[in-house]
Structures are given as C-alpha cells and as structure tokens.
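For reference, the structure discussed in these notes is given below.
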Amino acid sequence: MSKGILFSVIGSTLFAVLYYYATLLTPLDGEQIFGWRTLLTVPFLTAFIWWRGQENMVWTLARRMTTQPLLIGGALLTSALLGIQLWLFMWAPLHGRALNVSLGYFLLPLTMLLTGRLLYRERLTRWQNLAAVAAAIGVTNEFYHVGVLSWETMLVALGYPVYFVLRRKMDAANLGGLWFDMALLLPAGLWLIMTGAVGFDMISAHQALYGLIPLLGILSSMALVFYMLASQMLPMSLFGLLGYVEPVLLVLVALLLGETISGAQWMTYIPVWCAVTLLVIEGILNLNRRQIRKRK
C-alpha cells in the first residue's frame, strides 16, 4: 500500500509538471503540444499494457467490435471526449486559463457523485450531501459574480462524467478501452502536428525542442504509468482520496504562472475546497473503519 501511495503522489506531481511544462514548449501552440503528446504516449502505453500482461483487454474489446459495430461508434465518441480533455490540459496554461481548469478538477469528484446519484441511484452519505451543499455555495457565488461558470471549468466538471458513463455503458472501463481511446487519437494528433503553425523547419530553429518534445512524451507516459500502477495497488477509496492531490498542485502551478484569485473568486474556491475536504474526511473515516474490521 505504501508503494501505491507513493506512485499516486508521483503520478499527480508529474501531471502538475506537465501543466507547467507546456509553457516551455514555445513556439508550439496547445494543439501541436496535444498532437505530440498523443503521438509519443501511445507507444509507451502499449508497452506498459504488454509488460503487465494485460493485452487480452485490448484483444477482447477488438473482437467485440467486430460483432457489435455500435462499439466502434462508441469508441470514436469516447476517444473524442478524452482528446478534448487532453487538449484542454495542455492549452489552458498557455492562455491564462489554468485556474479555471483546476476548479473543474476540484468540482469533478462532486459531479461524479451526482452522476452516480442521478443515473445509478447511488445513495449519498451525510458527508457527501454536506459536500454537495458546500460546492453549490461556491458555484452559486460564481454565477452571481460572473453569470456563468467558465467553459473550461464546465468542460472538465461535466465532460469527464459523460466520458466515464459511456465507457461503463460500453463495458470498456479498462486498459483496453483506454488504449483504443488513445490510439484513435493518433490521426488527429498527426494532423495537428503536420498542419500547425510551427513546422519542422521552425523546430530546427528552436533546437531546444529536440530535447523538450521527447521529454514531453516521457513525462506524459510516466504520469500515466504511475497513475495506473497506483490504481491497481490501492483500495478504490484510498486511490480516490489521493486523486485530490492533483487539483491542489494544478492551482499552485496556475499561481506560479502568474494567475491570481480575485476577492470575489475566493467565495467560489473556499466552499469548493471545503467540499473536497469533507469528502477526504469521509474517506479517511471509512478507511479507518475497514482497518479496525480487519484487525478484529
């Protein structure tokens, strides 16, 4: 378990490093960075799946697609949804929108809770209800001062639940489904690289990119690998709790990049952070209860 915790923290830290790393890849824009990240991540993901001996998940889903053609359409849709999120993650730090994206990741656990309640009739605990109320206060404040949550925040907070629901509906919520999602993004990634404003001739004029671009693939792949290893080593509840480390680090990166939280925005962020804290407290209490039961 201690190794799983370490891997989860390393994975979250690497994702935060990626958030900042995009700003070092000038003159590449967000679309080309997304393209390179996709192109370089797929080989590492493939190697990891084969190394873990889980390639049967890929073959099983491929066989199902031959007998259930609707799965192909579903795979194209989930791939597009994931691609939008990966693009946004690399685009936001370059355009002063990193805080908006980080707020979306803070809201994501709560929108996932509500998705479970509305679609799967899962009951919310007292702690989860309190967290939902706290988050609602923050969202209401944002609506009051701005009129609407930013599209970046909404895209993260609402886009991922749709993605996970579709993956679950397809019975593809595994490494096989993830591999197809990433592999289907390869044509789009290659197209964005080839048609972007920065051609290979311009890359040669910025020789640092020859080292920075491959390192992007290494960082992205390592973050994904550590995340996967942690998910397989840890109880789901503990793995979910450690997932809150990443949005905290994303806020720190956004502040490091020069973004600021205005006076009115504090009443958005503080209630949302309180909501996340309530979920963390509930998770810790549940883990303690399980440990006590095991000892008995």
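Please note that chains go A, B, ... in the order of the structure tokens, that every chain numbers its residues from 1, and that ligands are numbered from 1 in the order shown.
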Next item on the list: Determine which residues of range 71-274 of chain A DSSP labels as helix (DSSP H, G or I) from the backbone of this structure, then write them out as a PyMOL selection string.
Entry: chain A and resi 71-95+98-120+126-146+151-169+175-184+186-195+200-205+209-233+236-242+245-256+266-274
Give me, as CSV, each residue of range 248-277 of chain A that comes within 7 Å of range 137-147 of chain A, together with its shortest interatomic pair and the distance in Å at one decimal, counting only C-alpha atoms, with rows ordered by chain and rising residue number.
```
residue,atom,partner,partner_atom,distance
A:Met267,CA,A:Gly138,CA,6.0
A:Thr268,CA,A:Gly138,CA,3.9
A:Tyr269,CA,A:Gly138,CA,6.4
A:Pro271,CA,A:Gly138,CA,5.1
A:Val272,CA,A:Gly138,CA,5.8
```
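Close contacts of range 243-246 of chain A, defined as residues with an atom at most 7 Å away when counting only C-alpha atoms, with chain neighbours fewer than 5 positions off set aside, comprise Ser12, Thr13 and Ala16 of chain A.
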Expected file contents, prior selection, N, CA and C atoms, as a PDB file, in the first residue's frame:
```pdb
ATOM      1  N   SER A  12       0.478  12.271  -9.685  1.00  0.00           N
ATOM      2  CA  SER A  12      -0.155  13.588  -9.583  1.00  0.00           C
ATOM      3  C   SER A  12       0.869  14.699  -9.784  1.00  0.00           C
ATOM      4  N   THR A  13       2.052  14.510  -9.226  1.00  0.00           N
ATOM      5  CA  THR A  13       3.111  15.514  -9.367  1.00  0.00           C
ATOM      6  C   THR A  13       3.549  15.643 -10.823  1.00  0.00           C
ATOM      7  N   ALA A  16       1.072  17.605 -12.758  1.00  0.00           N
ATOM      8  CA  ALA A  16       1.235  19.036 -12.473  1.00  0.00           C
ATOM      9  C   ALA A  16       2.449  19.591 -13.207  1.00  0.00           C
TER      10      ALA A  16
END
```
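Distance check against Leu242 in chain A using only C-alpha atoms: of A:Thr38, A:Thr277, A:Asn56, A:Ser204, the minimum falls on A:Thr277.
Nearest residue to Gly11 in chain A among A:Leu234, A:Ile261, A:Ala223, A:Leu229 is A:Ala223, counting only C-alpha atoms.
Here the question is which of A:Ala264, A:Met154, A:Ala98, A:Leu278 gets nearest to Tyr19 in chain A using only C-alpha atoms, and that residue is A:Ala98.
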Next item on the list: Could you give me, as a PyMOL selection string, the residues within 7 Å of range 106-112 of chain A, counting only C-alpha atoms and dropping anything in the same chain fewer than 5 positions from it?
Entry: chain A and resi 132+156-158+161+247+272
What are the closest atom pairs, with distances in Å to one decimal, for all residues of range 78-176 of chain A lying within 12 Å of range 207-222 of chain A? Consider only C-alpha atoms, order rows by chain and residue number, and present the result as CSV.
```
residue,atom,partner,partner_atom,distance
A:Leu86,CA,A:Ser220,CA,10.6
A:Phe89,CA,A:Ser220,CA,11.7
A:Met90,CA,A:Leu216,CA,10.9
```
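The residue set within 12 Å of range 188-195 of chain A, counting only C-alpha atoms and dropping same-chain residues fewer than 6 places from it, reads Leu28, Asp29, Gly30, Glu31, Gln32, Ile33, Phe34, Gly35, Trp36, Arg37, Thr38, Leu39, Leu40, Thr41, Val42, Leu76, Ser79, Ala80, Gly83, Ile84, Leu86, Trp87, Asp181, Met182, Asp201, Ile203 and Ile213 of chain A.
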Note to self: Taking 5 positions as the minimum chain separation for residues in the same chain, which residues sit within 9 Å of Leu155 in chain A when counting only C-alpha atoms? Answer as a ChimeraX atom specification.
What the structure shows: /A:84-85,88,101,104,150,160
Those same residues - N, CA and C atoms - I'd like them written as a tab-separated table (two decimals), in the first residue's frame.
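Result file is out22.tsv:
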```tsv
chain	number	residue	atom	x	y	z
A	84	ILE	N	-10.45	15.90	-26.15
A	84	ILE	CA	-10.77	17.28	-25.79
A	84	ILE	C	-10.19	17.62	-24.43
A	85	GLN	N	-10.28	16.69	-23.49
A	85	GLN	CA	-9.75	16.93	-22.15
A	85	GLN	C	-8.22	17.03	-22.17
A	88	LEU	N	-7.31	20.40	-23.67
A	88	LEU	CA	-7.57	21.50	-22.74
A	88	LEU	C	-6.48	21.57	-21.68
A	101	VAL	N	-9.39	25.61	-15.22
A	101	VAL	CA	-9.32	24.16	-15.40
A	101	VAL	C	-9.15	23.47	-14.04
A	104	GLY	N	-12.32	23.09	-12.30
A	104	GLY	CA	-13.07	21.98	-12.87
A	104	GLY	C	-12.67	20.65	-12.25
A	150	SER	N	-16.97	29.30	-16.05
A	150	SER	CA	-16.21	29.35	-17.29
A	150	SER	C	-16.40	28.05	-18.08
A	160	TYR	N	-15.94	14.83	-18.14
A	160	TYR	CA	-15.43	13.55	-17.67
A	160	TYR	C	-16.54	12.59	-17.22
```
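Rounded to one decimal, CA of Thr23 in chain A and CA of Phe164 in chain A lie 29.2 Å from each other.
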